[in-house]
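Structure data follow from start_3.csv (CSV, C-alpha atoms):
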```
chain,number,residue,atom,x,y,z
A,1472,MET,CA,52.1,-70.0,136.1
A,1473,LYS,CA,53.8,-67.0,134.6
A,1474,ILE,CA,53.5,-63.7,136.4
A,1475,THR,CA,53.5,-61.0,133.7
A,1476,ASP,CA,53.3,-57.2,133.7
A,1477,ALA,CA,51.1,-56.8,130.6
A,1478,CYS,CA,52.5,-53.4,129.5
A,1479,VAL,CA,55.7,-51.4,130.2
A,1480,CYS,CA,57.0,-48.7,127.9
A,1481,PRO,CA,60.8,-48.7,127.7
A,1482,TYR,CA,63.1,-46.0,126.3
A,1483,PRO,CA,62.5,-44.0,124.2
A,1484,LEU,CA,58.9,-44.0,125.3
A,1485,GLY,CA,60.0,-43.8,128.8
A,1486,ASP,CA,63.3,-43.1,130.8
A,1487,SER,CA,64.3,-46.7,131.5
A,1488,SER,CA,65.8,-49.2,129.1
A,1489,VAL,CA,64.1,-52.5,128.4
A,1490,ARG,CA,66.9,-54.4,130.2
A,1491,ARG,CA,66.7,-52.2,133.3
A,1492,LEU,CA,62.9,-52.7,133.3
A,1493,ALA,CA,63.4,-56.5,133.1
A,1494,LEU,CA,66.0,-56.4,135.9
A,1495,GLU,CA,63.7,-54.4,138.1
A,1496,ALA,CA,60.7,-56.6,137.2
A,1497,GLY,CA,62.7,-59.7,138.3
A,1498,GLU,CA,63.4,-58.1,141.6
A,1499,LEU,CA,59.7,-57.2,142.0
A,1500,GLY,CA,58.6,-60.8,141.5
A,1501,PHE,CA,57.7,-60.9,137.8
A,1502,ASP,CA,58.6,-63.7,135.4
A,1503,SER,CA,58.0,-61.7,132.2
A,1504,ILE,CA,57.1,-58.3,130.9
A,1505,VAL,CA,55.4,-57.1,127.8
A,1506,ALA,CA,57.6,-54.3,126.5
A,1507,ILE,CA,56.0,-52.0,123.9
A,1508,ASP,CA,58.0,-51.4,120.7
A,1509,ALA,CA,60.9,-53.6,122.0
A,1510,PRO,CA,62.2,-56.9,120.6
A,1511,SER,CA,61.4,-60.2,122.4
A,1512,GLY,CA,64.2,-61.8,124.4
A,1513,GLU,CA,65.3,-62.6,127.9
A,1514,TYR,CA,67.4,-60.7,130.4
A,1515,ALA,CA,68.3,-61.6,134.0
A,1516,GLY,CA,65.9,-64.5,134.0
A,1517,VAL,CA,63.0,-62.4,133.0
A,1518,GLU,CA,61.3,-63.0,129.7
A,1519,ILE,CA,60.7,-59.9,127.5
A,1520,ILE,CA,57.7,-60.2,125.3
A,1521,GLY,CA,57.6,-57.7,122.5
A,1522,GLY,CA,54.4,-55.8,122.3
A,1523,THR,CA,52.6,-53.5,119.9
A,1524,LEU,CA,50.2,-50.9,121.2
A,1525,LEU,CA,47.8,-49.5,118.6
A,1526,ARG,CA,46.3,-46.1,119.5
A,1527,ASP,CA,44.4,-43.3,117.7
A,1528,ARG,CA,43.5,-45.4,114.8
A,1529,THR,CA,40.3,-46.3,113.0
A,1530,ALA,CA,38.9,-49.8,113.2
A,1531,ARG,CA,40.0,-50.4,109.5
A,1532,GLU,CA,43.6,-49.3,110.3
A,1533,VAL,CA,43.6,-51.6,113.3
A,1534,ILE,CA,42.5,-54.5,111.2
A,1535,ASN,CA,45.4,-53.9,108.7
A,1536,GLN,CA,48.0,-53.4,111.5
A,1537,VAL,CA,46.9,-56.6,113.3
A,1538,LYS,CA,47.1,-58.6,110.0
A,1539,ARG,CA,50.6,-57.4,109.6
A,1540,ALA,CA,51.7,-58.1,113.2
A,1541,ARG,CA,49.8,-61.1,114.3
A,1542,ASP,CA,52.3,-63.9,113.2
A,1543,LYS,CA,55.4,-62.2,114.7
A,1544,GLY,CA,54.9,-63.6,118.2
A,1545,ARG,CA,54.1,-60.1,119.7
A,1546,VAL,CA,51.3,-59.2,122.1
A,1547,ILE,CA,49.0,-56.9,120.1
A,1548,SER,CA,47.0,-54.4,122.2
A,1549,VAL,CA,44.6,-51.7,121.1
A,1550,LEU,CA,43.7,-48.6,123.1
A,1551,ALA,CA,39.9,-48.7,123.7
A,1552,GLY,CA,37.7,-46.2,122.1
A,1553,ASP,CA,33.9,-45.8,121.9
A,1554,ASN,CA,31.5,-48.7,122.0
A,1555,GLY,CA,31.3,-49.2,118.2
A,1556,PHE,CA,35.1,-49.2,117.9
A,1557,ASN,CA,35.5,-51.7,120.8
A,1558,ARG,CA,33.0,-54.1,119.2
A,1559,ALA,CA,34.7,-53.8,115.9
A,1560,VAL,CA,38.2,-54.5,117.2
A,1561,ILE,CA,37.3,-57.2,119.6
A,1562,GLY,CA,36.2,-59.4,116.7
A,1563,ILE,CA,39.6,-59.1,114.9
A,1564,LYS,CA,41.4,-62.4,114.8
A,1565,GLY,CA,44.9,-62.0,116.2
A,1566,LEU,CA,44.2,-59.2,118.7
A,1567,HIS,CA,45.2,-60.1,122.2
A,1568,CYS,CA,44.4,-57.2,124.4
A,1569,LEU,CA,42.1,-54.2,124.8
A,1570,THR,CA,43.6,-51.6,127.1
A,1571,GLY,CA,43.0,-48.1,128.4
A,1572,ILE,CA,39.4,-48.8,129.2
A,1573,HIS,CA,39.4,-46.2,132.0
A,1574,THR,CA,40.0,-43.4,129.5
A,1575,ALA,CA,37.1,-44.5,127.3
A,1576,ASP,CA,33.5,-43.4,127.4
A,1577,LYS,CA,31.4,-44.8,130.3
A,1578,LYS,CA,29.3,-46.8,127.8
A,1579,ALA,CA,32.3,-48.0,125.8
A,1580,PHE,CA,32.3,-51.5,127.4
A,1581,ASP,CA,28.9,-53.0,127.8
A,1582,HIS,CA,27.4,-56.6,128.1
A,1583,VAL,CA,27.5,-57.1,124.4
A,1584,THR,CA,31.2,-56.2,124.2
A,1585,ALA,CA,31.9,-58.4,127.2
A,1586,LYS,CA,30.2,-61.4,125.5
A,1587,MET,CA,32.3,-60.8,122.4
A,1588,ALA,CA,35.5,-60.5,124.4
A,1589,ALA,CA,34.7,-63.8,126.1
A,1590,ASP,CA,33.9,-65.5,122.7
A,1591,ASN,CA,37.1,-64.2,121.0
A,1592,GLY,CA,39.4,-64.7,124.0
A,1593,VAL,CA,40.4,-61.1,124.1
A,1594,VAL,CA,42.0,-60.0,127.3
A,1595,LEU,CA,40.9,-56.8,129.0
A,1596,ASP,CA,43.8,-54.9,130.5
A,1597,LEU,CA,43.4,-53.1,133.7
A,1598,ASP,CA,45.9,-50.3,133.7
A,1599,LEU,CA,47.0,-49.7,137.3
A,1600,SER,CA,48.7,-46.3,136.6
A,1601,PRO,CA,45.6,-44.2,137.4
A,1602,ILE,CA,45.3,-45.9,140.7
A,1603,ILE,CA,49.0,-45.5,141.5
A,1604,SER,CA,49.7,-42.0,140.4
A,1605,GLY,CA,46.1,-40.6,140.1
A,1606,ARG,CA,44.5,-38.5,142.8
A,1607,GLY,CA,40.9,-37.5,143.4
A,1608,ILE,CA,38.2,-38.0,140.8
A,1609,GLY,CA,40.5,-39.6,138.2
A,1610,ARG,CA,41.4,-42.4,140.6
A,1611,GLN,CA,37.8,-42.8,141.7
A,1612,ARG,CA,36.6,-43.1,138.2
A,1613,ALA,CA,39.2,-45.7,137.3
A,1614,ILE,CA,38.3,-47.8,140.4
A,1615,HIS,CA,34.6,-47.5,139.6
A,1616,ARG,CA,35.2,-48.5,135.9
A,1617,TYR,CA,37.4,-51.5,136.9
A,1618,ARG,CA,34.8,-52.7,139.4
A,1619,ASP,CA,32.2,-52.6,136.6
A,1620,ILE,CA,34.5,-54.5,134.3
A,1621,LEU,CA,35.2,-57.2,136.9
A,1622,MET,CA,31.5,-57.7,137.4
A,1623,PHE,CA,31.2,-58.3,133.6
A,1624,ALA,CA,34.3,-60.6,133.8
A,1625,GLY,CA,32.7,-62.7,136.5
A,1626,ARG,CA,29.5,-63.0,134.5
A,1627,PHE,CA,30.8,-63.6,131.0
A,1628,GLY,CA,34.2,-65.1,131.8
A,1629,PHE,CA,36.6,-63.1,129.6
A,1630,PRO,CA,40.2,-62.9,130.8
A,1631,VAL,CA,41.5,-59.8,132.6
A,1632,THR,CA,45.1,-58.8,132.9
A,1633,LEU,CA,47.0,-56.2,135.0
A,1634,SER,CA,49.6,-53.8,133.8
A,1635,SER,CA,51.6,-50.9,135.3
A,1636,HIS,CA,52.1,-49.1,132.0
A,1637,ALA,CA,55.4,-48.1,133.6
A,1638,ARG,CA,57.5,-45.6,131.6
A,1639,SER,CA,60.1,-45.7,134.3
A,1640,ILE,CA,61.4,-48.2,136.9
A,1641,LEU,CA,59.9,-45.8,139.5
A,1642,GLU,CA,56.4,-46.5,138.2
A,1643,MET,CA,56.8,-50.3,138.5
A,1644,ARG,CA,55.2,-52.0,141.5
A,1645,SER,CA,55.9,-55.4,143.1
A,1646,VAL,CA,53.5,-58.3,142.9
A,1647,ARG,CA,52.6,-57.8,146.5
A,1648,GLU,CA,51.8,-54.1,146.0
A,1649,ILE,CA,49.7,-54.9,143.0
A,1650,THR,CA,47.8,-57.4,145.0
A,1651,GLY,CA,47.1,-54.7,147.6
A,1652,LEU,CA,46.1,-52.2,144.9
A,1653,CYS,CA,43.8,-54.7,143.3
A,1654,SER,CA,42.0,-55.1,146.6
A,1655,LEU,CA,40.7,-51.6,146.0
A,1656,VAL,CA,38.8,-52.8,143.0
A,1657,GLY,CA,37.5,-55.9,144.7
A,1658,MET,CA,40.0,-58.5,143.5
A,1659,ASP,CA,41.3,-61.1,145.9
A,1660,GLU,CA,44.6,-62.9,145.7
A,1661,PRO,CA,43.5,-65.8,143.4
A,1662,ASP,CA,41.9,-63.3,141.1
A,1663,VAL,CA,45.2,-61.3,140.9
A,1664,GLU,CA,47.2,-64.4,140.3
A,1665,ALA,CA,44.9,-65.5,137.5
A,1666,ALA,CA,45.0,-62.0,136.0
A,1667,LEU,CA,48.8,-61.8,136.1
A,1668,ASP,CA,48.9,-65.1,134.3
A,1669,SER,CA,46.4,-64.1,131.5
A,1670,ILE,CA,48.9,-62.9,128.9
A,1671,GLY,CA,50.8,-66.2,129.2
A,1672,ARG,CA,47.6,-68.1,128.5
A,1673,VAL,CA,46.3,-66.1,125.6
A,1674,THR,CA,49.7,-65.9,123.8
A,1675,ASP,CA,50.2,-69.7,124.2
A,1676,PRO,CA,49.2,-71.2,120.8
A,1677,ARG,CA,47.8,-74.2,122.5
A,1678,ASN,CA,45.1,-72.0,124.1
A,1679,VAL,CA,43.4,-70.6,121.1
A,1680,ALA,CA,40.0,-69.2,121.6
A,1681,VAL,CA,37.3,-71.7,120.7
A,1682,LYS,CA,33.8,-70.6,120.0
A,1683,VAL,CA,31.2,-73.3,121.0
A,1684,ILE,CA,28.2,-73.2,118.7
A,1685,ARG,CA,25.1,-75.0,119.9
B,1050,MET,CA,52.0,-35.0,182.7
B,1051,SER,CA,53.4,-38.4,183.6
B,1052,PRO,CA,53.8,-41.0,180.8
B,1053,ARG,CA,51.3,-43.7,180.4
B,1054,PRO,CA,52.2,-47.1,181.7
B,1055,PRO,CA,53.2,-49.5,178.9
B,1056,THR,CA,49.9,-51.5,179.1
B,1057,LEU,CA,47.9,-48.4,178.4
B,1058,ARG,CA,50.0,-47.1,175.5
B,1059,GLU,CA,48.9,-47.6,171.9
B,1060,LYS,CA,50.6,-50.5,170.1
B,1061,LYS,CA,52.7,-49.3,167.2
B,1062,ARG,CA,54.3,-51.0,164.2
B,1063,TYR,CA,57.1,-49.8,162.1
B,1064,LEU,CA,57.5,-50.2,158.3
B,1065,LEU,CA,60.9,-50.1,156.6
B,1066,ALA,CA,60.8,-48.9,153.0
B,1067,ARG,CA,63.6,-48.4,150.5
B,1068,ILE,CA,63.8,-45.1,148.7
B,1069,GLU,CA,64.4,-45.3,144.9
B,1070,PRO,CA,66.3,-44.0,143.0
B,1071,ASP,CA,69.2,-44.6,145.3
B,1072,ASP,CA,70.9,-41.3,144.7
B,1073,VAL,CA,68.0,-39.2,145.8
B,1074,ILE,CA,67.9,-38.6,149.5
B,1075,PRO,CA,64.8,-36.6,150.5
B,1076,GLU,CA,64.5,-34.8,153.8
B,1077,GLN,CA,62.5,-36.6,156.6
B,1078,LYS,CA,60.0,-33.7,156.7
B,1079,ASP,CA,59.3,-33.8,152.9
B,1080,LEU,CA,58.9,-37.6,153.2
B,1081,TYR,CA,56.4,-37.1,156.0
B,1082,TYR,CA,54.3,-34.7,153.8
B,1083,ALA,CA,54.4,-37.1,150.8
B,1084,ILE,CA,53.3,-40.1,153.0
B,1085,SER,CA,50.7,-38.1,154.8
B,1086,ASP,CA,49.3,-36.8,151.5
B,1087,ALA,CA,49.2,-40.4,150.0
B,1088,VAL,CA,47.4,-41.8,153.1
B,1089,THR,CA,44.9,-39.0,153.2
B,1090,SER,CA,44.3,-39.1,149.4
B,1091,LEU,CA,43.7,-42.9,149.4
B,1092,TRP,CA,41.9,-43.5,152.6
B,1093,GLY,CA,40.5,-40.1,153.6
B,1094,ASP,CA,40.9,-38.1,156.8
B,1095,ALA,CA,39.0,-40.5,159.1
B,1096,GLU,CA,41.1,-43.5,158.1
B,1097,ALA,CA,44.3,-41.5,158.1
B,1098,ALA,CA,43.6,-40.6,161.8
B,1099,VAL,CA,43.4,-44.4,162.5
B,1100,VAL,CA,46.6,-45.1,160.6
B,1101,ALA,CA,48.4,-42.3,162.5
B,1102,GLN,CA,51.5,-42.4,160.3
B,1103,ALA,CA,54.7,-40.7,161.2
B,1104,VAL,CA,58.2,-40.8,159.7
B,1105,VAL,CA,60.6,-41.7,162.6
B,1106,ALA,CA,63.8,-42.1,160.6
B,1107,ALA,CA,65.3,-41.6,157.2
B,1108,GLU,CA,68.7,-43.0,156.8
B,1109,LYS,CA,71.0,-44.9,154.4
B,1110,GLY,CA,68.4,-44.7,151.6
B,1111,HIS,CA,65.6,-46.1,153.7
B,1112,VAL,CA,62.8,-44.7,155.7
B,1113,ILE,CA,61.1,-46.0,158.8
B,1114,ILE,CA,57.5,-45.2,159.2
B,1115,ARG,CA,55.5,-45.7,162.3
B,1116,CYS,CA,51.8,-46.5,162.3
B,1117,ARG,CA,49.1,-47.9,164.6
B,1118,ARG,CA,49.1,-51.7,165.0
B,1119,GLY,CA,46.5,-53.2,162.6
B,1120,ALA,CA,46.8,-50.4,160.1
B,1121,GLU,CA,50.0,-51.8,158.5
B,1122,GLY,CA,48.3,-53.0,155.3
B,1123,ASP,CA,46.6,-49.6,154.8
B,1124,LEU,CA,49.9,-47.8,155.2
B,1125,ALA,CA,51.7,-50.2,152.8
B,1126,LEU,CA,49.0,-49.7,150.2
B,1127,ALA,CA,49.1,-45.9,150.6
B,1128,ILE,CA,52.9,-45.7,150.2
B,1129,SER,CA,52.8,-47.7,147.0
B,1130,THR,CA,50.9,-44.7,145.5
B,1131,ILE,CA,53.7,-42.3,146.2
B,1132,THR,CA,55.3,-41.1,143.0
B,1133,SER,CA,57.1,-37.9,144.0
B,1134,CYS,CA,58.4,-36.0,147.0
B,1135,ARG,CA,58.7,-32.3,146.6
B,1136,ASP,CA,58.6,-32.5,142.8
B,1137,VAL,CA,61.3,-35.1,142.8
B,1138,ARG,CA,60.2,-38.4,141.3
B,1139,ILE,CA,60.8,-41.2,143.9
B,1140,THR,CA,59.2,-44.5,144.9
B,1141,LEU,CA,59.1,-46.2,148.2
B,1142,ARG,CA,59.5,-50.0,148.2
B,1143,PRO,CA,58.2,-51.6,151.4
B,1144,VAL,CA,60.8,-54.0,152.8
B,1145,ALA,CA,59.6,-55.2,156.2
B,1146,PHE,CA,57.3,-54.6,159.1
B,1147,SER,CA,58.4,-54.9,162.7
B,1148,GLY,CA,57.4,-54.1,166.2
B,1149,THR,CA,60.7,-52.4,167.0
B,1150,MET,CA,62.9,-49.9,165.2
B,1151,ALA,CA,66.0,-51.8,166.3
B,1152,SER,CA,65.2,-54.9,164.2
B,1153,LEU,CA,64.5,-52.8,161.2
B,1154,ARG,CA,67.8,-51.0,161.6
B,1155,GLN,CA,69.4,-54.4,161.5
B,1156,ARG,CA,67.8,-55.0,158.1
B,1157,ILE,CA,69.2,-51.8,156.7
B,1158,ARG,CA,72.4,-53.2,155.2
B,1159,SER,CA,75.0,-50.8,154.3
B,1160,ARG,CA,74.9,-50.5,150.5
B,1161,GLU,CA,77.7,-52.0,148.4
B,1162,PRO,CA,80.4,-49.5,147.4
B,1163,VAL,CA,79.6,-48.1,144.0
B,1164,LYS,CA,81.6,-49.6,141.1
B,1165,LYS,CA,83.2,-48.0,138.0
B,1166,VAL,CA,81.0,-47.8,135.0
B,1167,ALA,CA,82.1,-50.4,132.5
B,1168,GLY,CA,82.3,-49.2,128.9
B,1169,ALA,CA,81.2,-45.7,129.6
B,1170,GLU,CA,82.3,-43.3,126.8
B,1171,GLY,CA,84.9,-40.8,127.6
B,1172,SER,CA,85.2,-42.1,131.1
B,1173,GLY,CA,88.9,-41.3,131.2
B,1174,GLY,CA,89.4,-43.6,134.1
B,1175,GLY,CA,86.9,-41.6,136.2
B,1176,SER,CA,85.4,-43.4,139.2
B,1177,LEU,CA,82.0,-43.1,140.7
B,1178,GLY,CA,81.3,-42.5,144.2
B,1179,ARG,CA,78.2,-42.9,146.3
B,1180,SER,CA,76.2,-39.7,146.2
B,1181,GLY,CA,76.0,-37.7,149.4
B,1182,GLU,CA,73.3,-35.7,151.0
B,1183,GLY,CA,71.0,-34.1,148.4
B,1184,GLY,CA,71.9,-36.5,145.7
B,1185,GLY,CA,75.0,-34.6,144.6
B,1186,THR,CA,78.4,-36.1,143.7
B,1187,GLU,CA,80.6,-33.3,144.9
B,1188,GLY,CA,84.3,-33.9,144.6
B,1189,VAL,CA,83.8,-37.1,142.6
B,1190,GLU,CA,84.9,-37.3,139.0
B,1191,THR,CA,82.1,-38.8,136.9
B,1192,PRO,CA,82.2,-39.9,133.2
B,1193,GLU,CA,80.2,-38.1,130.6
B,1194,ILE,CA,77.9,-40.2,128.4
B,1195,SER,CA,76.3,-39.0,125.3
B,1196,ILE,CA,72.8,-40.5,124.4
B,1197,ALA,CA,70.6,-39.2,121.6
B,1198,GLY,CA,72.6,-36.0,121.4
B,1199,LYS,CA,72.3,-35.2,125.1
B,1200,LYS,CA,75.1,-35.4,127.6
B,1201,PHE,CA,74.5,-37.5,130.7
B,1202,MET,CA,76.4,-38.1,133.9
B,1203,ALA,CA,76.4,-41.3,135.9
B,1204,VAL,CA,75.1,-40.6,139.4
B,1205,HIS,CA,74.7,-44.1,140.7
B,1206,CYS,CA,76.0,-47.5,139.8
B,1207,GLU,CA,75.2,-50.7,141.6
B,1208,GLY,CA,75.7,-54.1,140.1
B,1209,LYS,CA,74.3,-53.9,136.5
B,1210,LYS,CA,72.2,-50.9,137.3
B,1211,VAL,CA,73.3,-47.5,136.2
B,1212,ASN,CA,71.4,-44.3,136.9
B,1213,LEU,CA,72.2,-41.3,134.7
B,1214,ILE,CA,71.2,-37.6,135.0
B,1215,GLU,CA,71.3,-35.1,132.2
B,1216,LYS,CA,73.9,-32.5,132.5
B,1217,GLY,CA,72.6,-28.9,132.9
B,1218,PHE,CA,70.9,-26.7,135.4
B,1219,LYS,CA,67.3,-26.9,134.3
B,1220,ASN,CA,65.0,-29.8,133.1
B,1221,THR,CA,67.6,-32.4,133.8
B,1222,ASN,CA,66.1,-35.8,133.0
B,1223,ARG,CA,67.1,-39.1,134.5
B,1224,LEU,CA,67.8,-42.3,132.6
B,1225,PHE,CA,67.8,-45.8,134.2
B,1226,LEU,CA,70.0,-48.1,132.2
B,1227,THR,CA,72.2,-51.2,132.7
B,1228,SER,CA,75.9,-51.6,132.1
B,1229,GLU,CA,75.2,-53.5,128.8
B,1230,ASP,CA,73.2,-50.5,127.6
B,1231,LEU,CA,76.2,-48.3,128.1
B,1232,GLU,CA,78.5,-50.7,126.3
B,1233,GLU,CA,76.1,-50.6,123.3
B,1234,SER,CA,75.6,-46.9,123.3
```
As structure tokens, please, write out the structure in this file.
Amino acid sequence: MKITDACVCPYPLGDSSVRRLALEAGELGFDSIVAIDAPSGEYAGVEIIGGTLLRDRTAREVINQVKRARDKGRVISVLAGDNGFNRAVIGIKGLHCLTGIHTADKKAFDHVTAKMAADNGVVLDLDLSPIISGRGIGRQRAIHRYRDILMFAGRFGFPVTLSSHARSILEMRSVREITGLCSLVGMDEPDVEAALDSIGRVTDPRNVAVKVIR
Amino acid sequence: MSPRPPTLREKKRYLLARIEPDDVIPEQKDLYYAISDAVTSLWGDAEAAVVAQAVVAAEKGHVIIRCRRGAEGDLALAISTITSCRDVRITLRPVAFSGTMASLRQRIRSREPVKKVAGAEGSGGGSLGRSGEGGGTEGVETPEISIAGKKFMAVHCEGKKVNLIEKGFKNTNRLFLTSEDLEES
């Protein structure tokens, strides 16, 4: 099992270098991190997986970007949009992760999208930053949305992952703290362990998504 | 009023948390307000009254927080949502729970002496010292590092970790790097 923070944003997106984030992640109990716009590698025993986050793009642009990036061993994530956009991008071969669902419309992720995510093996990323740094209605909305998504995940079986979206070492949290924070959205310890291992499973070429047709 | 006998007193637990970044040393009162705000924001007034949090000590880059026995989990969860203290970005990393402050004080190890920044540009043999109260480095010669056209000053260095702060009076940003990053820059 590989415990992974599914998204961190190193310098220049944030104020911490990718090495420092890896060093901190190791101390906080992670085996690997997905670093946006950073090269893959290893530092202080922590695997750094290069990631690409596609945002503010149309579905057609996302298809072109994914085609270009999919064979480079990077984790490709797309920021969620409205329902039509999410359905379009989830079907793209080579896309790993749909993130930022808490900022999307309330109807952006429904049972059809959930079924498609399960069929295509696309991971849904739960960004913990609104729970950590948010206050009031913003945090309540994120918790409500994540509870809804976890209900879909239980029914349709698509993988879920957890990320801090940390732009600084000060925004990173330990595995134990993440387990506590996830209890707010109804995840117990085995669920959190499975979620932290999701990126390792979907990026492993042996675990390609297989659609069973009956 | 005479004190209650020990058997009638409320049972308390103490949480030790490390303050990051290491060079920032907030005041005990400000920490209390930040923790109180986090607990109330996450759990509400009714649950905050049950937790009954109080900052009993802030020393050597650590803080000891008292709470009611049985509410330790709620307190630990609430302090993981702290992101700033009086507009200064900090984070509190829970280290241990205990029934006595003495055992937590034993766990507060004196931090290692700060080492010289390896490969820092224009260091001129300057050495780094551990920052004093208020996060300053008065009387300590610190090397100047230039990154992306901005001048930074190393304020803390421990092992491979190097914390920099932008030189200036206003809008001084922090950077968290490693010694290898400095060698490459």
Env of Asn1557 in chain A: 9 Å cut, atoms = only C-alpha atoms, seq-sep filter 2 positions within chain, self excluded. Answer as a PyMOL selection string. chain A and resi 1530+1551-1555+1559-1562+1569+1579-1580+1584
Show me a table, sorted first by chain and then by increasing residue number, of the residues of chain A having an atom at most 7 Å from chain B, each with its shortest atom pair and the distance in Å to one decimal, counting all atoms listed in the file and written as JSON lines.
```
{"residue": "A:Asp1486", "atom": "CA", "partner": "B:Leu1224", "partner_atom": "CA", "distance": 4.9}
{"residue": "A:Ser1487", "atom": "CA", "partner": "B:Phe1225", "partner_atom": "CA", "distance": 4.5}
{"residue": "A:Ser1488", "atom": "CA", "partner": "B:Leu1226", "partner_atom": "CA", "distance": 5.3}
{"residue": "A:Arg1490", "atom": "CA", "partner": "B:Thr1227", "partner_atom": "CA", "distance": 6.7}
{"residue": "A:Arg1491", "atom": "CA", "partner": "B:Leu1226", "partner_atom": "CA", "distance": 5.4}
{"residue": "A:Ile1603", "atom": "CA", "partner": "B:Thr1130", "partner_atom": "CA", "distance": 4.5}
{"residue": "A:Ser1604", "atom": "CA", "partner": "B:Thr1130", "partner_atom": "CA", "distance": 5.9}
{"residue": "A:Arg1606", "atom": "CA", "partner": "B:Ser1090", "partner_atom": "CA", "distance": 6.6}
{"residue": "A:Leu1641", "atom": "CA", "partner": "B:Thr1140", "partner_atom": "CA", "distance": 5.6}
{"residue": "A:Glu1648", "atom": "CA", "partner": "B:Ser1129", "partner_atom": "CA", "distance": 6.6}
{"residue": "A:Gly1651", "atom": "CA", "partner": "B:Leu1126", "partner_atom": "CA", "distance": 5.9}
{"residue": "A:Leu1652", "atom": "CA", "partner": "B:Leu1126", "partner_atom": "CA", "distance": 6.5}
```
When distances are computed from only C-alpha atoms, which of A:Ile1608, A:Leu1499, A:Leu1597, A:Leu1494 shows the smallest separation from Arg1644 in chain A?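 Ranked by minimum distance to Arg1644 in chain A, first place goes to A:Leu1499.
Here CA of Ile1640 in chain A is placed at a distance of 20.7 Å from CA of Lys1199 in chain B.
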Can I get the residues of range 1597-1648 of chain A within 12 Å of range 1660-1664 of chain A, each with the closest pair of atoms and their distance in Å to one decimal, using all atoms listed in the file, sorted chain first then ascending number, as a tab-separated table?
```
residue	atom	partner	partner_atom	distance
A:Leu1597	CA	A:Val1663	CA	11.1
A:Leu1621	CA	A:Asp1662	CA	10.0
A:Ala1624	CA	A:Asp1662	CA	10.9
A:Gly1625	CA	A:Asp1662	CA	10.3
A:Pro1630	CA	A:Asp1662	CA	10.4
A:Val1631	CA	A:Asp1662	CA	9.2
A:Thr1632	CA	A:Val1663	CA	8.4
A:Leu1633	CA	A:Val1663	CA	8.0
A:Ser1634	CA	A:Val1663	CA	11.2
A:Val1646	CA	A:Val1663	CA	9.0
A:Arg1647	CA	A:Glu1660	CA	9.5
A:Glu1648	CA	A:Val1663	CA	11.0
```
At a cut-off of 9 Å, using all atoms listed in the file, what residues contact range 1071-1084 of chain B? Leave out same-chain residues fewer than 3 positions from it and give the result as a ChimeraX atom specification. /B:1067-1068,1087-1089,1102-1112,1114,1124,1127-1128,1131-1135,1137,1139,1179-1185,1204-1205,1212
Between CA of His1573 in chain A and CA of Cys1653 in chain A, measure the distance and give it in Å to one decimal.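 Interatomic distance here is 14.8 Å.
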Kindly provide, as a PDB file with C-alpha atoms, in the coordinates of the input, the polymer residues lying within 10 Å of (59.5, -57.0, 155.1), counting all atoms listed in the file and using the coordinates exactly as they appear in the file.
```pdb
ATOM      1  CA  LEU B1064      57.500 -50.200 158.300  1.00  0.00           C
ATOM      2  CA  LEU B1065      60.900 -50.100 156.600  1.00  0.00           C
ATOM      3  CA  ALA B1066      60.800 -48.900 153.000  1.00  0.00           C
ATOM      4  CA  ARG B1142      59.500 -50.000 148.200  1.00  0.00           C
ATOM      5  CA  PRO B1143      58.200 -51.600 151.400  1.00  0.00           C
ATOM      6  CA  VAL B1144      60.800 -54.000 152.800  1.00  0.00           C
ATOM      7  CA  ALA B1145      59.600 -55.200 156.200  1.00  0.00           C
ATOM      8  CA  PHE B1146      57.300 -54.600 159.100  1.00  0.00           C
ATOM      9  CA  SER B1147      58.400 -54.900 162.700  1.00  0.00           C
ATOM     10  CA  LEU B1153      64.500 -52.800 161.200  1.00  0.00           C
ATOM     11  CA  ARG B1156      67.800 -55.000 158.100  1.00  0.00           C
TER      12      ARG B1156
END
```
Which polymer residues have any atom within 9 Å of an atom of Ala1496 in chain A, counting all atoms listed in the file, with same-chain residues fewer than 5 positions away left out, as a list in words?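 Counting only the stated atoms, we get Asp1476, Arg1491, Phe1501, Asp1502, Ser1503, Ile1504, Val1517, Ile1640, Met1643, Arg1644 and Ser1645 of chain A.
Close contacts of Ala1506 in chain A, defined as residues with an atom at most 8 Å away when counting all atoms listed in the file, with chain neighbours fewer than 5 positions off set aside, comprise Cys1478, Val1479, Cys1480, Pro1481, Val1489, Ile1519, Ile1520, Gly1521 and Gly1522 of chain A.
A straight line drawn from CA of Phe1629 in chain A to CA of Val1537 in chain A is 20.3 Å long.
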Kindly provide, as a ChimeraX atom specification, the polymer residues lying within 9 Å of (44.8, -50.9, 125.2), counting all atoms listed in the file and using the coordinates exactly as they appear in the file. /A:1524-1526,1547-1551,1568-1572,1595-1598
Selected residue, from A:Asp1675, A:Val1594, A:Ala1493, A:Gly1657, that lies nearest to Glu1513 in chain A when counting all atoms listed in the file: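 Of the candidates, the smallest distance to Glu1513 in chain A is held by A:Ala1493.
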I want to know what sits within 10 Å of Arg1626 in chain A, based on only C-alpha atoms, with residues of the same chain fewer than 4 positions away left out; could you give that as a JSON list (two decimals) with C-alpha atoms, keeping the file's coordinate frame?
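Writing done, so here's result-v4.json:
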```
[["chain", "number", "residue", "atom", "x", "y", "z"],
["A", 1582, "HIS", "CA", 27.40, -56.60, 128.10],
["A", 1585, "ALA", "CA", 31.90, -58.40, 127.20],
["A", 1586, "LYS", "CA", 30.20, -61.40, 125.50],
["A", 1589, "ALA", "CA", 34.70, -63.80, 126.10],
["A", 1620, "ILE", "CA", 34.50, -54.50, 134.30],
["A", 1621, "LEU", "CA", 35.20, -57.20, 136.90],
["A", 1622, "MET", "CA", 31.50, -57.70, 137.40]]
```
